[in-house]
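Notes to accompany the following structure.
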Amino acid sequence: MRHLDFSPLYRSTVGFDRLFSMLDTAGNDAPSYPPYNIERTGENAYRITMAVAGFTDDELSVEAKEHVLTIKGEKSEEDSDKEILYRGIASRTFERRFQIAEHVRVNGASMENGLLHVDLVREIPEAMKPRKIEITSSASKQIESKAH
C-alpha cells in the first residue's frame, strides 16, 4: 500500500491534524472481521451493512456515543457436546468502531438474512444551512432615508 504525504496540506490548513493522522493510519492493521459495506441511500442518508452470520439479536449491540458508532458481537457459549470437524463460519467476539461526522445520528438497526443494517441520517441544523443574503445598493438606502 502506498504511503501518502500530507505535509504540504499542514501548511495551508488549521485544525485538521487529527484528520490527517487518521488518514495516515487508515488501512494499517485494520481488522477484516466481520466484513461490512457502507453505502449512501439518499442525499443525507447512509447505511452500514455488516455480515454477522451465526449471531442473534441478543448477542449484538449497537451504541452511538459522541462521534463514535460501536458495533459489538459477543457470542454465547456453544454446546460443548458438539464435535466440530471443520470450522469455516467464524463465531468469534468482535468490536468494530466507526467515526461518524457531526450532525449524523443513528436512525435504527435491523437484522435480515444474517446481515445487520445500521441506518444513519445527517441532520444539519437550520443555523448551519446556507442562506441567501440580499444585496442592497447604497443608492436605494439614500432614497429610502430621504423619503422618511
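Chain labels run A, B, ... following the order of the C-alpha cells; each chain numbers its residues from 1, and ligands are numbered from 1 in the order shown.
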
Any idea what's packed within 10 Å of stretch 36-51 of chain A, counting only C-alpha atoms, ignoring anything in its chain fewer than 6 positions away? Could you give it as a PDB file with N, CA and C atoms, in the first residue's frame?
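Okay, result13.pdb is ready:
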ATOM      1  N   ILE A  71     -20.154  -1.195  17.192  1.00  0.00           N
ATOM      2  CA  ILE A  71     -20.958  -2.403  16.992  1.00  0.00           C
ATOM      3  C   ILE A  71     -20.164  -3.562  17.591  1.00  0.00           C
ATOM      4  N   ARG A  96     -16.298  -3.374  16.393  1.00  0.00           N
ATOM      5  CA  ARG A  96     -15.939  -2.521  15.251  1.00  0.00           C
ATOM      6  C   ARG A  96     -16.418  -1.103  15.562  1.00  0.00           C
ATOM      7  N   PHE A  98     -16.767   2.973  14.218  1.00  0.00           N
ATOM      8  CA  PHE A  98     -16.845   3.871  13.077  1.00  0.00           C
ATOM      9  C   PHE A  98     -16.875   5.310  13.591  1.00  0.00           C
ATOM     10  N   VAL A 104     -24.585  13.686  12.422  1.00  0.00           N
ATOM     11  CA  VAL A 104     -25.041  12.390  11.922  1.00  0.00           C
ATOM     12  C   VAL A 104     -25.528  11.591  13.113  1.00  0.00           C
ATOM     13  N   ARG A 105     -26.742  11.060  13.006  1.00  0.00           N
ATOM     14  CA  ARG A 105     -27.284  10.270  14.104  1.00  0.00           C
ATOM     15  C   ARG A 105     -27.733   8.912  13.582  1.00  0.00           C
ATOM     16  N   VAL A 106     -27.759   7.942  14.483  1.00  0.00           N
ATOM     17  CA  VAL A 106     -28.209   6.597  14.132  1.00  0.00           C
ATOM     18  C   VAL A 106     -29.726   6.601  14.117  1.00  0.00           C
ATOM     19  N   ASN A 107     -30.299   6.189  12.997  1.00  0.00           N
ATOM     20  CA  ASN A 107     -31.742   6.203  12.818  1.00  0.00           C
ATOM     21  C   ASN A 107     -32.382   4.881  13.224  1.00  0.00           C
ATOM     22  N   GLY A 108     -31.610   3.797  13.236  1.00  0.00           N
ATOM     23  CA  GLY A 108     -32.140   2.499  13.615  1.00  0.00           C
ATOM     24  C   GLY A 108     -31.229   1.380  13.159  1.00  0.00           C
ATOM     25  N   ALA A 109     -31.512   0.171  13.657  1.00  0.00           N
ATOM     26  CA  ALA A 109     -30.745  -1.015  13.286  1.00  0.00           C
ATOM     27  C   ALA A 109     -31.709  -2.177  13.111  1.00  0.00           C
ATOM     28  N   SER A 110     -31.402  -3.047  12.139  1.00  0.00           N
ATOM     29  CA  SER A 110     -32.256  -4.211  11.896  1.00  0.00           C
ATOM     30  C   SER A 110     -31.406  -5.372  11.401  1.00  0.00           C
ATOM     31  N   MET A 111     -31.923  -6.584  11.607  1.00  0.00           N
ATOM     32  CA  MET A 111     -31.257  -7.807  11.140  1.00  0.00           C
ATOM     33  C   MET A 111     -32.106  -8.423  10.047  1.00  0.00           C
ATOM     34  N   GLU A 112     -31.425  -8.904   8.994  1.00  0.00           N
ATOM     35  CA  GLU A 112     -32.125  -9.566   7.894  1.00  0.00           C
ATOM     36  C   GLU A 112     -31.164 -10.516   7.200  1.00  0.00           C
ATOM     37  N   ASN A 113     -31.503 -11.793   7.191  1.00  0.00           N
ATOM     38  CA  ASN A 113     -30.718 -12.813   6.496  1.00  0.00           C
ATOM     39  C   ASN A 113     -29.234 -12.818   6.903  1.00  0.00           C
ATOM     40  N   GLY A 114     -28.965 -12.681   8.182  1.00  0.00           N
ATOM     41  CA  GLY A 114     -27.579 -12.716   8.663  1.00  0.00           C
ATOM     42  C   GLY A 114     -26.817 -11.421   8.456  1.00  0.00           C
ATOM     43  N   LEU A 115     -27.514 -10.356   8.053  1.00  0.00           N
ATOM     44  CA  LEU A 115     -26.882  -9.054   7.860  1.00  0.00           C
ATOM     45  C   LEU A 115     -27.467  -8.054   8.851  1.00  0.00           C
ATOM     46  N   LEU A 116     -26.599  -7.316   9.507  1.00  0.00           N
ATOM     47  CA  LEU A 116     -27.016  -6.248  10.404  1.00  0.00           C
ATOM     48  C   LEU A 116     -26.977  -4.950   9.609  1.00  0.00           C
ATOM     49  N   HIS A 117     -28.101  -4.236   9.576  1.00  0.00           N
ATOM     50  CA  HIS A 117     -28.196  -2.955   8.876  1.00  0.00           C
ATOM     51  C   HIS A 117     -28.320  -1.847   9.913  1.00  0.00           C
ATOM     52  N   VAL A 118     -27.436  -0.857   9.839  1.00  0.00           N
ATOM     53  CA  VAL A 118     -27.495   0.303  10.722  1.00  0.00           C
ATOM     54  C   VAL A 118     -27.692   1.519   9.831  1.00  0.00           C
ATOM     55  N   ASP A 119     -28.833   2.189  10.009  1.00  0.00           N
ATOM     56  CA  ASP A 119     -29.172   3.350   9.187  1.00  0.00           C
ATOM     57  C   ASP A 119     -28.771   4.634   9.899  1.00  0.00           C
ATOM     58  N   LEU A 120     -28.134   5.527   9.150  1.00  0.00           N
ATOM     59  CA  LEU A 120     -27.649   6.802   9.673  1.00  0.00           C
ATOM     60  C   LEU A 120     -28.258   7.942   8.862  1.00  0.00           C
ATOM     61  N   VAL A 121     -28.490   9.073   9.524  1.00  0.00           N
ATOM     62  CA  VAL A 121     -29.060  10.249   8.869  1.00  0.00           C
ATOM     63  C   VAL A 121     -28.247  11.467   9.281  1.00  0.00           C
ATOM     64  N   ARG A 122     -27.931  12.302   8.301  1.00  0.00           N
ATOM     65  CA  ARG A 122     -27.252  13.572   8.593  1.00  0.00           C
ATOM     66  C   ARG A 122     -28.313  14.655   8.650  1.00  0.00           C
ATOM     67  N   GLU A 123     -28.422  15.306   9.807  1.00  0.00           N
ATOM     68  CA  GLU A 123     -29.396  16.371  10.020  1.00  0.00           C
ATOM     69  C   GLU A 123     -28.644  17.658  10.316  1.00  0.00           C
ATOM     70  N   ILE A 124     -28.582  18.535   9.337  1.00  0.00           N
ATOM     71  CA  ILE A 124     -27.867  19.791   9.501  1.00  0.00           C
ATOM     72  C   ILE A 124     -28.824  20.808  10.122  1.00  0.00           C
TER      73      ILE A 124
END

Find the residues near A:His67: any atom within 8 Å, counting only C-alpha atoms, skip ones fewer than 3 places away on the same chain, and give them as a PDB file with N, CA and C atoms, in the first residue's frame.
ATOM      1  N   ALA A  64     -24.118   4.391  19.960  1.00  0.00           N
ATOM      2  CA  ALA A  64     -23.594   5.654  19.426  1.00  0.00           C
ATOM      3  C   ALA A  64     -23.302   6.564  20.602  1.00  0.00           C
ATOM      4  N   GLN A  99     -16.048   6.165  13.012  1.00  0.00           N
ATOM      5  CA  GLN A  99     -16.098   7.588  13.323  1.00  0.00           C
ATOM      6  C   GLN A  99     -17.238   8.182  12.505  1.00  0.00           C
ATOM      7  N   ILE A 100     -18.175   8.830  13.175  1.00  0.00           N
ATOM      8  CA  ILE A 100     -19.275   9.451  12.440  1.00  0.00           C
ATOM      9  C   ILE A 100     -19.159  10.958  12.561  1.00  0.00           C
ATOM     10  N   ALA A 101     -19.559  11.624  11.507  1.00  0.00           N
ATOM     11  CA  ALA A 101     -19.412  13.070  11.433  1.00  0.00           C
ATOM     12  C   ALA A 101     -20.402  13.770  12.353  1.00  0.00           C
ATOM     13  N   GLU A 102     -20.128  15.032  12.567  1.00  0.00           N
ATOM     14  CA  GLU A 102     -21.022  15.856  13.363  1.00  0.00           C
ATOM     15  C   GLU A 102     -22.371  15.940  12.665  1.00  0.00           C
TER      16      GLU A 102
END

> So which residues of stretch 34-97 of chain A fall under strand (DSSP E or B) by DSSP, listed as number ranges by chain?
Replying inline: A: 36-42, 45-51, 60-65, 68-73, 94-97

> Could you work out how far atom CA of A:Tyr33 lies from atom CA of A:Ser61, giving the answer in Å with one decimal?
Replying inline: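 Atom-to-atom, atom CA of A:Ser61 and atom CA of A:Tyr33 are spaced 15.8 Å apart.
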
> Could you pull the residues within 9 Å of A:Glu95, counting only C-alpha atoms, minus those fewer than 5 positions along the same chain, as a ChimeraX atom specification?
Replying inline: /A:70-74

Please produce an output containing C-alpha atoms for each residue in the selection, written as a short mmCIF file (atom, residue, chain, number, x, y, z; two decimals), in the first residue's frame.
data_model
loop_
_atom_site.label_atom_id
_atom_site.label_comp_id
_atom_site.auth_asym_id
_atom_site.auth_seq_id
_atom_site.Cartn_x
_atom_site.Cartn_y
_atom_site.Cartn_z
CA THR A 70 -19.60 0.96 18.13
CA ILE A 71 -20.96 -2.40 16.99
CA LYS A 72 -20.14 -5.39 19.22
CA GLY A 73 -20.80 -9.06 18.85
CA GLU A 74 -20.37 -11.35 21.84
#

> Quick one: distance from atom CA of A:Leu69 to atom CA of A:Ser91 in Å, one decimal?
Replying inline: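 Value for the atom CA of A:Leu69-atom CA of A:Ser91 distance: 21.4 Å.
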
> What is the atom CA of A:Pro125-atom CA of A:His103 distance in Å, reported with one decimal?
Replying inline: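 We find that atom CA of A:Pro125 and atom CA of A:His103 lie 7.9 Å from each other.
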